Structure formats: C-alpha cells, structure tokens
Amino acid sequence: MRNNILKLIILAVIAIICILLYGFYDIKGGFSYAFPRRMMRVGAMVVTGFAISYSTVVFQTITHNRILTPSIMGIDSMYQVVQTLIFFFAGSASIWVANQYLNYFTALIAMVVFAILLYRTLFRADKYPIFLLLLIGMIIGTFLGSLVSFLQVLIDPVEYLSLQNLLFASFTRIKVELLYISCAILFIAFIVGYKLLHQLDVAILGRENAINLGVNYDRLVMNVLVLSAVLISTSTALVGPITFFGLIVANLSYHLFTTYKHSVLILGAGLISVIALVGGQFLVEHVFEFNTTLSVIINFIGGVYFIYLLLKESRAAG
Amino acid sequence: MLILTAIILSLVSLFIGAIDIKPTDLLDWESQQTQIFLISRVPRLMAIILAGAGMSIAGLIMQSLSRNKFVSPTTAGTLDAAKLGILISILLFSQAAYMEKILFSFIFAFGGTILFMQILDRIKFKDAVFVPLIGIMYGNILSSITTFFAYEGDLIQNINTWLMGSFTLVISGRYELLYVSVPAILLAYLYANKFTVAGMGEDFAKNLGLSYKAVLNLGLILVAVISTTVVLTVGVIPYLGLIVPNIVSLYMGDNLRKTIPHTIMLGIVFLLICDIIGRVVVYPFEIPVNVTVAVIGSLLFLIMLFRGRAYAK
C-alpha cells in the first residue's frame with residue numbers, strides 16, 4: 001500500500017512538472033495573453049484525462065475484460081452521431097442547438113440509453129467470447145464513425161460548417177468554452193462515483209460473488225453505465241474522440257499498481273493521462289515541432305499496444 | 001437473377017445525374033447529352049463494374065488462401081498499405097508521375113499483405129475472429145503512419161482524396177488503369193482450385209504436387225494488383241471484399257469455380273446500389289461511395305458476426 005502511495009506521489013510530481021513545462025516554456029510576448037490560454041488547454045486535458053481514465057477502468061471492471069474500452073466500441077462516436085442527428089432534424093437555429101445546456105443534456109440522455117442497450121445486448125451473461133466481442137465492438141465503432149460522415153454529407157453545407165464549429169472538437173481545437181461546465185460535471189461525477197468505488201472493488205469477484213457479499217450488482221452496473229456515458233460525453237465534447245487513449249492509460253495503471261482498489265487504479269490512470277496528454281502536447285508542439293496532432297501519435301502507439309495485448313491474450317487462450 | 005438486377009441497375013446508373021439525359025437524346029450523336037454520356041456516365045459505370053468485381057474477387061482470393069472467412073483487403077491492411085505507398089511515392093518524388101505511384105502503391109500493397117500473412121504464420125492461435133482483429137489493427141497502424149507523414153509533408157488534403165473512395169471524378173481518360181484488373185480476375189478464375197488447395201496448408205498442398213509458394217505469391221500479387229488499381233483510380237472502398245464473398249458462400253457453398261461468377265456479379269450489384277443511393281439521396285450533389293459502402297458494409301458485417309459463430313468457422 002505504501003509502495004502504491006509513493007508511486008502516486010511520483011506520478012503527481014511528474015504531472016505537475018509537465019504542466020509547468022507546458023505552461024512556461026518559451027513564452028514570448030505577452031505573458032498575460034499566452035499563459036491563461038495555455039492553462040485553459042491544460043485544464044481541458046486534465047478533465048479529459050480523468051474522465052477517460054475513470055470511465056475506462058470502471059467499464060472494464062463491469063465487463064470483466066482489460067482490452068475493450070468504451071471508445072473502441074465507439075461510444076464517443078455515438079456522441080457525434082447524436083449531435084449530428086439533433087442538428088439534422090432540428091436545424092442550427094433551433095433551441096436544441098442554440099441552448100448549450102439543453103443540447104448537452106439531450107445528447108446525454110441518448111448516450112445513456114445507448115450505453116445501456118449496448119451492455120444489455122453484448123455483455124449480459126457472457127454471451128460472446130472475448131475476441132468476438134472485441135471484433136463486434138470495433139465494427140460498431142467503425143459503423144458509428146462512418147454513420148457520422150454519412151449524416152454530415154446529408155446536411156446542408158452551410159449548416160454543416162456551423163455544426164463543425166459548434167460541436168466537433170479535437171486536440172488542435174479544444175472547446176475551451178465548455179471547460180467550466182465540464183469541470184462541474186466531472187466534480188459531481190467523482191463525488192457520486194466515489195461511493196461506487198468500494199462496491200466496484202467487490203464487483204471484480206464476479207456477479208454471483210458480489211451479490212453474495214451484499215452488493216446490488218445490477219444497480220451498480222446501471223450506475224456505472226450512466227456515469228461512464230456522462231464522462232465520455234464530457235470528454236468527447238471537449239477534445240473529440242481519441243480511440244485508444246483509455247486502453248493505454250488503464251492498462252499502464254493495472255501494470256504499475258499491484259492492487260485491485262479502484263480508487264488507486266483510477267487516480268493512477270488519471271495522473272498517467274495528464275502526463276501523457278500534457279507532456280505529449282508539449283513534445284509535439286515545442287520539442288519535435290511536428291505538424292501532426294497528438295491523436296495521430298496516440299493512435300499509433302495505442303494500435304501497437306492493442307496488438308501486443310491481443311497476442312498476450314491469445315497465448316493465454318491458445 | 002443477379003445478372004438481370006445488374007443490368008437494370010446499370011441502366012439506372014447511366015441515366016441519373018445532375019444533367020438529365022434521356023435515352024432518346026442518344027440518338028443524336030452530336031448533342032451535348034451524348035457527349036456527357038460518353039465522357040462521364042459510361043466510364044463511371046465501367047469503373048463501378050470493374051472496382052466491384054475486382055474488390056470482391058480480391059477478398060475471395062484472400063479468404064481461400066488464408067482459410068478464414070474474415071480476411072479481406074480491408075481486414076488485412078492491404079488497402080492501407082497501398083495508400084501508404086502512394087504517399088511515399090509523392091514524398092520521394094515531388095512530382096510523382098503516374099507510373100511511380102502505381103509502382104510504389106503496388107509494392108506496398110503486396111509487401112504489406114505478405115507481412116500480414118507472415119505475422120499470421122507466427123501466431124499459433126488461429127481463431128476465426130482473432131485474425132481479422134489483428135488485421136484491422138495492423139491496417140490502423142499503417143494508416144496512422146500515413147497520416148503522420150501526410151501532416152509532416154502538408155499532404156493531408158492530397159491523401160484525403162484517396163481516403164475518400166468516390167466515382168465522382170471518374171471520366172474517360174482517368175479510369176482506364178482499372179482495366180488491368182480484368183486479366184487479374186481471369187487469372188483468379190483459372191487458378192481458383194489451386195488457391196483452395198493452397199489454403200489447406202503448405203504440407204497438404206505439397207503432397208498434392210502443388211508449388212505452394214508460387215500459388216500463394218500469385219494470389220497475393222493478384223490481390224495487390226486489383227487493390228492498387230482501385231485505390232489509385234477510385235479510392236479506398238472498404239468492406240466490399242469482406243461482405244460479398246461471404247454472402248455468396250452462404251447460399252452457394254465454397255466451390256470457387258462456381259462461386260467466382262456469383263461473387264463478381266454480387267460485387268457489382270452491391271457497389272451499384274451504394275453508388276446510386278449516394279447519388280440520389282442528396283441529389284444533385286453526391287455522397288462519396290466509400291461512405292455509403294462503409295455504413296452498409298459494417299452493418300452487414302455486424303449482422304454476420306451476431307448471426308453466429310458456427311458459421312464463422
């Protein structure tokens with residue numbers, strides 16, 4: 001336990017160093033102009049990192065696997081599908097788009113429904129073996145991704161431009177104006193989620209054992225799904241979908257911390273996320289001076305890592 | 001049945017588009033309508049037919065060689081490798097000529113697929129679903145390498161034209177490369193039985209007196225040729241090689257000699273339907289065909305996966 005706390009502290013220190021480096025490195029001209037802007041971006045990355053870490057770790061616990069993540073299954077593309085549909089049917093001038101809160105909560109309800117449906121069809125009662133599940137998940141992801149492009153072409157070009165500006169973010173276009181509401185949501189989610197953590201520690205033992213130990217398993221799963229859907233919507237709204245990020249940070253955290261305690265695992269994964277995002281952005285922008293966005297690099301590393309995990313799993317299965 | 005459907009759809013495809021052309025207009029050789037018909041509509045139809053037939057056959061070859069129903073140019077990185085090849089040819093020669101693009105794209109498509117087959121050989125565990133999973137990820141990695149270098153070379157828009165498979169730009173003079181896939185398809189038909197035997201494994205094939213390596217290489221060369229010509233003229237068309245042969249084998253079984261004609265026809269019909277949908281839904285604009293194919297294709301693939309593991313073996 002003490003060992004784990006030490007590791008967490010080391011990670012926190014590295015994360016802070018990354019943030020400071022990113023904040024102060026090579027600031028030219030108006031400090032008062034550049035610094036707050038950089039800090040806003042850092043804030044967005046921290047919120048994203050923790051949201052993704054939390055949702056990935058808890059999702060993997062209730063689905064009893066360590067490879068499949070919500071993003072690989074395309075839950076974040078679902079956010080874009082929902083937004084595009086709202087836009088498509090209501091139009092850019094309608095209250096459903098113009099009112100940011102209404103828009104956000106409509107999307108949120110759809111996301112929660114989708115997450116629950118997905119869980120019901122795929123994960124109830126171990127219907128599918130893991131590799132089939134992974135393939136189905138990935139194809140659902142591609143399907144939703146291509147559905148977004150299909151719907152976007154259907155929209156009138158002028159409307160489409162405003163859709164893009166309003167709703168679609170990426171690392172180069174972080175939606176900083178959503179930062180405050182995202183922080184609030186993350187904060188609430190973590191307070192609500194904190195109570196669930198101990199139950200999740202028990203849930204690892206499997207449904208039957210957890211019920212025997214007094215956990216209302218089905219309700220726990222519901223709560224976790226709702227919470228995950230909320231957090232994924234938040235992070236997608238801020239920086240757009242990043243397919244393999246959750247996979248990398250969650251598995252690094254499992255690897256680093258020899259514990260089943262979700263509080264430690266999630267905190268660890270969150271800190272690793274901050275290091276990876278802020279540090280990675282620093283390297284991309286200032287050290288290598290790449291034109292590439294961070295998500296391209298994350299997808300490359302994530303892809304290689306995914307194959308590594310698959311091979312490891314296959315050796316266990318074969 | 002299939003042939004009839006294909007003919008009807010071809011006629012539909014010839015007579016829809018931004019400019020209204022009636023069959024009677026064609027009686028007048030000099031009219032503008034006839035010119036458009038010959039320069040744009042007919043080449044477009046030919047391109048759809050060639051690409052549809054080619055991609056389906058490429059998928060079929062790969063499936064019999066690997067004895068896995070889910071291996072195809074989409075799920076083995078072939079298309080992504082071809083794209084990477086085009087990008088590298090542009091980066092190396094600032095004004096890449098057509099021949100250089102063809103050459104590089106072909107080498108990469110071939111090499112990329114061989115590499116994937118090599119990786120498969122190393123893996124002991126050959127679950128029907130595991131192989132495409134690795135293949136899709138392999139393609140994703142190749143694709144992110146392409147995106148990385150495209151960003152660095154400011155070629156992202158350039159490369160995106162290849163990402164978008166579309167028949168919009170097909171006019172006479174720009175698609176003739178696709179005819180290269182005709183001999184490839186013929187060869188595939190002639191060698192069909194040998195591919196099946198080679199798929200049984202190296203030892204088995206050798207026992208039957210088949211030069212395993214030669215057949216395997218021939219199969220992969222055919223796949224690479226078809227993929228390259230399609231990617232260079234039309235763009236990436238995903239899932240076609242995966243879905244079409246599987247649907248045919250559902251009702252026809254796995255005798256390649258018999259299934260090849262059906263696979264070709266169904267591939268053409270499938271692509272024609274997708275293209276017509278793309279042209280009608282936002283008329284007079286168009287939805288790129290790869291988007292329609294990806295939506296319908298991934299949906300069908302999902303249904304296939306859900307429908308049962310028994311079939312997947």
# chains A, B, ... in the order shown; residues from 1 in each chain; ligands from 1
$ closest_atom_pairs --of "chain A" --to "chain B" --cutoff "9 Å" --atoms "only C-alpha atoms" --output "JSON lines"
{"residue": "A:Phe131", "atom": "CA", "partner": "B:Phe130", "partner_atom": "CA", "distance": 5.9}
{"residue": "A:Leu132", "atom": "CA", "partner": "B:Val129", "partner_atom": "CA", "distance": 5.8}
{"residue": "A:Leu134", "atom": "CA", "partner": "B:Leu133", "partner_atom": "CA", "distance": 7.7}
{"residue": "A:Leu135", "atom": "CA", "partner": "B:Leu133", "partner_atom": "CA", "distance": 5.9}
{"residue": "A:Ile136", "atom": "CA", "partner": "B:Leu302", "partner_atom": "CA", "distance": 6.4}
{"residue": "A:Met138", "atom": "CA", "partner": "B:Leu133", "partner_atom": "CA", "distance": 8.5}
{"residue": "A:Ile139", "atom": "CA", "partner": "B:Ser298", "partner_atom": "CA", "distance": 6.2}
{"residue": "A:Ile140", "atom": "CA", "partner": "B:Leu302", "partner_atom": "CA", "distance": 7.3}
{"residue": "A:Thr142", "atom": "CA", "partner": "B:Ser298", "partner_atom": "CA", "distance": 7.0}
{"residue": "A:Phe143", "atom": "CA", "partner": "B:Ser298", "partner_atom": "CA", "distance": 5.4}
{"residue": "A:Leu144", "atom": "CA", "partner": "B:Val295", "partner_atom": "CA", "distance": 8.0}
{"residue": "A:Gly145", "atom": "CA", "partner": "B:Val295", "partner_atom": "CA", "distance": 8.6}
{"residue": "A:Ser146", "atom": "CA", "partner": "B:Val295", "partner_atom": "CA", "distance": 5.6}
{"residue": "A:Leu147", "atom": "CA", "partner": "B:Val295", "partner_atom": "CA", "distance": 5.9}
{"residue": "A:Ser149", "atom": "CA", "partner": "B:Val291", "partner_atom": "CA", "distance": 6.8}
{"residue": "A:Phe150", "atom": "CA", "partner": "B:Val291", "partner_atom": "CA", "distance": 5.9}
{"residue": "A:Val153", "atom": "CA", "partner": "B:Ile287", "partner_atom": "CA", "distance": 6.4}
{"residue": "A:Leu154", "atom": "CA", "partner": "B:Val282", "partner_atom": "CA", "distance": 6.3}
{"residue": "A:Ile155", "atom": "CA", "partner": "B:Val282", "partner_atom": "CA", "distance": 8.9}
{"residue": "A:Phe290", "atom": "CA", "partner": "B:Glu152", "partner_atom": "CA", "distance": 6.7}
{"residue": "A:Asn291", "atom": "CA", "partner": "B:Glu152", "partner_atom": "CA", "distance": 5.5}
{"residue": "A:Thr292", "atom": "CA", "partner": "B:Tyr151", "partner_atom": "CA", "distance": 5.3}
{"residue": "A:Thr293", "atom": "CA", "partner": "B:Phe148", "partner_atom": "CA", "distance": 8.3}
{"residue": "A:Val296", "atom": "CA", "partner": "B:Ser144", "partner_atom": "CA", "distance": 6.0}
{"residue": "A:Ile297", "atom": "CA", "partner": "B:Ser144", "partner_atom": "CA", "distance": 7.5}
{"residue": "A:Asn299", "atom": "CA", "partner": "B:Ser144", "partner_atom": "CA", "distance": 6.7}
{"residue": "A:Phe300", "atom": "CA", "partner": "B:Ile141", "partner_atom": "CA", "distance": 5.4}
{"residue": "A:Ile301", "atom": "CA", "partner": "B:Ile141", "partner_atom": "CA", "distance": 8.3}
{"residue": "A:Gly302", "atom": "CA", "partner": "B:Ile141", "partner_atom": "CA", "distance": 8.7}
{"residue": "A:Gly303", "atom": "CA", "partner": "B:Ile141", "partner_atom": "CA", "distance": 5.7}
{"residue": "A:Val304", "atom": "CA", "partner": "B:Ile141", "partner_atom": "CA", "distance": 7.0}
{"residue": "A:Phe306", "atom": "CA", "partner": "B:Met137", "partner_atom": "CA", "distance": 7.6}
{"residue": "A:Ile307", "atom": "CA", "partner": "B:Ile134", "partner_atom": "CA", "distance": 6.3}
{"residue": "A:Leu310", "atom": "CA", "partner": "B:Ile134", "partner_atom": "CA", "distance": 7.6}
{"residue": "A:Leu311", "atom": "CA", "partner": "B:Ile123", "partner_atom": "CA", "distance": 8.0}
{"residue": "A:Ser314", "atom": "CA", "partner": "B:Phe125", "partner_atom": "CA", "distance": 6.3}
{"residue": "A:Arg315", "atom": "CA", "partner": "B:Phe125", "partner_atom": "CA", "distance": 7.2}
{"residue": "A:Ala317", "atom": "CA", "partner": "B:Phe125", "partner_atom": "CA", "distance": 7.9}
{"residue": "A:Gly318", "atom": "CA", "partner": "B:Phe125", "partner_atom": "CA", "distance": 5.4}
$ write_last_selection --atoms "C-alpha atoms" --output "tab-separated table (two decimals), in the first residue's frame"
chain	number	residue	atom	x	y	z
A	131	PHE	CA	-12.30	-11.91	-29.33
A	132	LEU	CA	-15.72	-11.91	-30.96
A	134	LEU	CA	-13.75	-7.16	-29.44
A	135	LEU	CA	-14.40	-7.50	-33.14
A	136	ILE	CA	-18.09	-6.64	-32.73
A	138	MET	CA	-14.63	-2.40	-33.14
A	139	ILE	CA	-17.06	-2.78	-36.03
A	140	ILE	CA	-19.75	-0.94	-34.07
A	142	THR	CA	-16.45	1.93	-37.44
A	143	PHE	CA	-20.14	1.78	-38.21
A	144	LEU	CA	-20.91	4.76	-36.00
A	145	GLY	CA	-17.89	6.61	-37.34
A	146	SER	CA	-18.99	6.17	-40.94
A	147	LEU	CA	-22.58	6.98	-39.99
A	149	SER	CA	-19.69	11.08	-42.08
A	150	PHE	CA	-22.78	9.91	-43.94
A	153	VAL	CA	-22.86	14.91	-46.02
A	154	LEU	CA	-26.65	14.96	-45.89
A	155	ILE	CA	-26.64	18.24	-44.03
A	290	PHE	CA	5.60	18.30	-35.55
A	291	ASN	CA	2.70	19.39	-37.64
A	292	THR	CA	0.99	16.22	-36.55
A	293	THR	CA	-1.71	16.23	-33.92
A	296	VAL	CA	-2.32	10.57	-34.54
A	297	ILE	CA	0.59	9.60	-32.31
A	299	ASN	CA	-3.50	6.11	-32.23
A	300	PHE	CA	-0.20	4.74	-33.47
A	301	ILE	CA	1.08	3.81	-30.01
A	302	GLY	CA	-2.35	2.56	-28.99
A	303	GLY	CA	-2.61	0.38	-32.08
A	304	VAL	CA	0.73	-1.28	-31.44
A	306	PHE	CA	-3.53	-3.21	-28.69
A	307	ILE	CA	-1.88	-5.85	-30.88
A	310	LEU	CA	-4.20	-9.32	-28.18
A	311	LEU	CA	-1.17	-11.54	-28.69
A	314	SER	CA	-4.18	-15.29	-27.40
A	315	ARG	CA	-1.29	-17.08	-25.78
A	317	ALA	CA	-6.34	-18.71	-24.73
A	318	GLY	CA	-4.40	-20.98	-27.08
$ residues_around --residues "segment 200-215 of chain B" --least-positions-apart "4" --cutoff "9 Å" --atoms "only C-alpha atoms" --output "short mmCIF file (atom, residue, chain, number, x, y, z; two decimals) with C-alpha atoms, in the first residue's frame"
data_model
loop_
_atom_site.label_atom_id
_atom_site.label_comp_id
_atom_site.auth_asym_id
_atom_site.auth_seq_id
_atom_site.Cartn_x
_atom_site.Cartn_y
_atom_site.Cartn_z
CA SER B 64 -9.44 -19.07 -49.63
CA LEU B 65 -5.68 -18.62 -49.22
CA SER B 66 -5.94 -17.93 -45.51
CA ARG B 67 -8.91 -20.24 -44.94
CA TYR B 191 -6.27 -20.69 -60.56
CA LYS B 194 -5.22 -24.14 -56.70
CA PHE B 195 -6.00 -21.33 -54.25
CA THR B 196 -8.36 -23.63 -52.43
CA GLY B 219 -2.71 -14.98 -55.26
CA LEU B 220 -1.25 -12.12 -53.30
#
$ residues_around --residues "segment 256-272 of chain A" --least-positions-apart "6" --cutoff "6 Å" --atoms "only C-alpha atoms" --output "NGL selection string"
:A and (49-50 or 53-54 or 197 or 201 or 249-250)
$ closest_residue --among "A:Ala110, A:Ile62, A:Ile14, A:Ala44" --to "Ala210 of chain A" --atoms "only C-alpha atoms"
A:Ile62
$ residues_around --residues "segment 275-278 of chain A" --least-positions-apart "4" --cutoff "9 Å" --atoms "only C-alpha atoms" --output "VMD selection string"
chain A and resid 11 to 12 14 to 19 22 41 to 42 45 to 46 49 249 270 to 271 282 to 283 294
$ write_last_selection --atoms "C-alpha atoms" --output "tab-separated table (two decimals), in the first residue's frame"
chain	number	residue	atom	x	y	z
A	11	LEU	CA	3.30	10.39	-10.86
A	12	ALA	CA	1.73	13.54	-9.44
A	14	ILE	CA	5.84	14.30	-12.97
A	15	ALA	CA	2.38	15.53	-13.97
A	16	ILE	CA	2.97	18.88	-12.30
A	17	ILE	CA	6.37	19.19	-13.99
A	18	CYS	CA	4.70	18.53	-17.35
A	19	ILE	CA	2.07	21.15	-16.67
A	22	TYR	CA	3.85	23.31	-20.96
A	41	ARG	CA	-5.87	23.95	-22.56
A	42	VAL	CA	-4.14	22.19	-19.69
A	45	MET	CA	-6.59	17.98	-20.95
A	46	VAL	CA	-6.73	17.24	-17.21
A	49	GLY	CA	-7.65	12.56	-18.88
A	249	VAL	CA	-3.67	4.54	-19.61
A	270	GLY	CA	-5.78	9.80	-14.36
A	271	LEU	CA	-2.27	11.00	-13.49
A	282	PHE	CA	4.50	19.71	-25.07
A	283	LEU	CA	6.72	17.33	-27.04
A	294	LEU	CA	-1.29	14.31	-30.70
$ closest_residue --among "B:Leu240, B:Leu115, B:Leu155, B:Val230" --to "Cys274 of chain B" --atoms "only C-alpha atoms"
B:Leu240
$ residues_around --residues "Leu227 of chain A" --least-positions-apart "6" --cutoff "12 Å" --atoms "only C-alpha atoms" --output "number ranges by chain"
A: 51-52, 54-59, 108-109, 111-113, 115-116, 185-194, 196, 220-221, 233-234
$ write_last_selection --atoms "N, CA and C atoms" --output "PDB file, in the first residue's frame"
ATOM      1  N   ALA A  51     -11.609  11.964 -16.981  1.00  0.00           N
ATOM      2  CA  ALA A  51     -12.891  11.420 -17.441  1.00  0.00           C
ATOM      3  C   ALA A  51     -12.669  10.104 -18.168  1.00  0.00           C
ATOM      4  N   ILE A  52     -11.687  10.084 -19.068  1.00  0.00           N
ATOM      5  CA  ILE A  52     -11.430   8.857 -19.822  1.00  0.00           C
ATOM      6  C   ILE A  52     -10.937   7.740 -18.910  1.00  0.00           C
ATOM      7  N   TYR A  54     -11.418   7.290 -15.680  1.00  0.00           N
ATOM      8  CA  TYR A  54     -12.478   6.776 -14.823  1.00  0.00           C
ATOM      9  C   TYR A  54     -13.407   5.861 -15.613  1.00  0.00           C
ATOM     10  N   SER A  55     -13.895   6.371 -16.759  1.00  0.00           N
ATOM     11  CA  SER A  55     -14.886   5.584 -17.490  1.00  0.00           C
ATOM     12  C   SER A  55     -14.285   4.280 -18.001  1.00  0.00           C
ATOM     13  N   THR A  56     -13.019   4.314 -18.445  1.00  0.00           N
ATOM     14  CA  THR A  56     -12.422   3.087 -18.960  1.00  0.00           C
ATOM     15  C   THR A  56     -12.246   2.041 -17.872  1.00  0.00           C
ATOM     16  N   VAL A  57     -11.690   2.453 -16.738  1.00  0.00           N
ATOM     17  CA  VAL A  57     -11.412   1.475 -15.683  1.00  0.00           C
ATOM     18  C   VAL A  57     -12.709   0.850 -15.175  1.00  0.00           C
ATOM     19  N   VAL A  58     -13.730   1.667 -14.903  1.00  0.00           N
ATOM     20  CA  VAL A  58     -14.956   1.079 -14.356  1.00  0.00           C
ATOM     21  C   VAL A  58     -15.679   0.238 -15.412  1.00  0.00           C
ATOM     22  N   PHE A  59     -15.621   0.667 -16.663  1.00  0.00           N
ATOM     23  CA  PHE A  59     -16.252  -0.111 -17.734  1.00  0.00           C
ATOM     24  C   PHE A  59     -15.596  -1.478 -17.840  1.00  0.00           C
ATOM     25  N   LEU A 108     -26.870  13.682 -23.733  1.00  0.00           N
ATOM     26  CA  LEU A 108     -26.514  12.836 -22.602  1.00  0.00           C
ATOM     27  C   LEU A 108     -27.524  11.712 -22.409  1.00  0.00           C
ATOM     28  N   ILE A 109     -28.811  12.062 -22.488  1.00  0.00           N
ATOM     29  CA  ILE A 109     -29.853  11.040 -22.297  1.00  0.00           C
ATOM     30  C   ILE A 109     -29.725   9.969 -23.380  1.00  0.00           C
ATOM     31  N   MET A 111     -27.077   9.142 -24.976  1.00  0.00           N
ATOM     32  CA  MET A 111     -25.860   8.370 -24.718  1.00  0.00           C
ATOM     33  C   MET A 111     -26.094   7.301 -23.663  1.00  0.00           C
ATOM     34  N   VAL A 112     -26.794   7.686 -22.596  1.00  0.00           N
ATOM     35  CA  VAL A 112     -27.046   6.739 -21.513  1.00  0.00           C
ATOM     36  C   VAL A 112     -27.879   5.571 -22.037  1.00  0.00           C
ATOM     37  N   VAL A 113     -28.921   5.897 -22.801  1.00  0.00           N
ATOM     38  CA  VAL A 113     -29.768   4.849 -23.373  1.00  0.00           C
ATOM     39  C   VAL A 113     -28.930   3.915 -24.239  1.00  0.00           C
ATOM     40  N   ALA A 115     -25.671   3.350 -24.112  1.00  0.00           N
ATOM     41  CA  ALA A 115     -24.731   2.554 -23.323  1.00  0.00           C
ATOM     42  C   ALA A 115     -25.440   1.366 -22.682  1.00  0.00           C
ATOM     43  N   ILE A 116     -26.655   1.619 -22.177  1.00  0.00           N
ATOM     44  CA  ILE A 116     -27.384   0.536 -21.517  1.00  0.00           C
ATOM     45  C   ILE A 116     -27.787  -0.544 -22.530  1.00  0.00           C
ATOM     46  N   ILE A 185     -19.296  19.021 -14.103  1.00  0.00           N
ATOM     47  CA  ILE A 185     -19.809  17.659 -14.295  1.00  0.00           C
ATOM     48  C   ILE A 185     -18.838  16.626 -13.749  1.00  0.00           C
ATOM     49  N   LEU A 186     -17.552  16.829 -14.057  1.00  0.00           N
ATOM     50  CA  LEU A 186     -16.536  15.895 -13.583  1.00  0.00           C
ATOM     51  C   LEU A 186     -16.544  15.827 -12.059  1.00  0.00           C
ATOM     52  N   PHE A 187     -16.654  17.003 -11.447  1.00  0.00           N
ATOM     53  CA  PHE A 187     -16.639  17.100  -9.987  1.00  0.00           C
ATOM     54  C   PHE A 187     -17.808  16.321  -9.395  1.00  0.00           C
ATOM     55  N   ILE A 188     -19.016  16.588  -9.923  1.00  0.00           N
ATOM     56  CA  ILE A 188     -20.207  15.889  -9.425  1.00  0.00           C
ATOM     57  C   ILE A 188     -20.063  14.385  -9.643  1.00  0.00           C
ATOM     58  N   ALA A 189     -19.611  14.026 -10.854  1.00  0.00           N
ATOM     59  CA  ALA A 189     -19.490  12.609 -11.189  1.00  0.00           C
ATOM     60  C   ALA A 189     -18.529  11.912 -10.227  1.00  0.00           C
ATOM     61  N   PHE A 190     -17.461  12.606  -9.869  1.00  0.00           N
ATOM     62  CA  PHE A 190     -16.491  11.964  -8.990  1.00  0.00           C
ATOM     63  C   PHE A 190     -17.027  11.817  -7.581  1.00  0.00           C
ATOM     64  N   ILE A 191     -17.814  12.797  -7.121  1.00  0.00           N
ATOM     65  CA  ILE A 191     -18.402  12.662  -5.781  1.00  0.00           C
ATOM     66  C   ILE A 191     -19.380  11.504  -5.767  1.00  0.00           C
ATOM     67  N   VAL A 192     -20.253  11.458  -6.788  1.00  0.00           N
ATOM     68  CA  VAL A 192     -21.199  10.343  -6.879  1.00  0.00           C
ATOM     69  C   VAL A 192     -20.435   9.034  -7.046  1.00  0.00           C
ATOM     70  N   GLY A 193     -19.422   9.093  -7.911  1.00  0.00           N
ATOM     71  CA  GLY A 193     -18.693   7.882  -8.242  1.00  0.00           C
ATOM     72  C   GLY A 193     -17.862   7.354  -7.090  1.00  0.00           C
ATOM     73  N   TYR A 194     -17.484   8.234  -6.165  1.00  0.00           N
ATOM     74  CA  TYR A 194     -16.627   7.814  -5.073  1.00  0.00           C
ATOM     75  C   TYR A 194     -17.281   6.721  -4.247  1.00  0.00           C
ATOM     76  N   LEU A 196     -19.262   4.554  -5.282  1.00  0.00           N
ATOM     77  CA  LEU A 196     -19.333   3.285  -6.023  1.00  0.00           C
ATOM     78  C   LEU A 196     -18.022   2.506  -5.963  1.00  0.00           C
ATOM     79  N   LEU A 220     -25.586  -1.426  -9.470  1.00  0.00           N
ATOM     80  CA  LEU A 220     -24.228  -0.904  -9.594  1.00  0.00           C
ATOM     81  C   LEU A 220     -23.868  -0.744 -11.077  1.00  0.00           C
ATOM     82  N   VAL A 221     -24.178  -1.791 -11.862  1.00  0.00           N
ATOM     83  CA  VAL A 221     -23.863  -1.741 -13.291  1.00  0.00           C
ATOM     84  C   VAL A 221     -24.574  -0.560 -13.953  1.00  0.00           C
ATOM     85  N   SER A 233     -19.226  11.584 -22.742  1.00  0.00           N
ATOM     86  CA  SER A 233     -19.793  12.735 -23.452  1.00  0.00           C
ATOM     87  C   SER A 233     -18.992  13.989 -23.139  1.00  0.00           C
ATOM     88  N   THR A 234     -18.640  14.149 -21.860  1.00  0.00           N
ATOM     89  CA  THR A 234     -17.889  15.337 -21.471  1.00  0.00           C
ATOM     90  C   THR A 234     -16.567  15.414 -22.206  1.00  0.00           C
TER      91      THR A 234
END
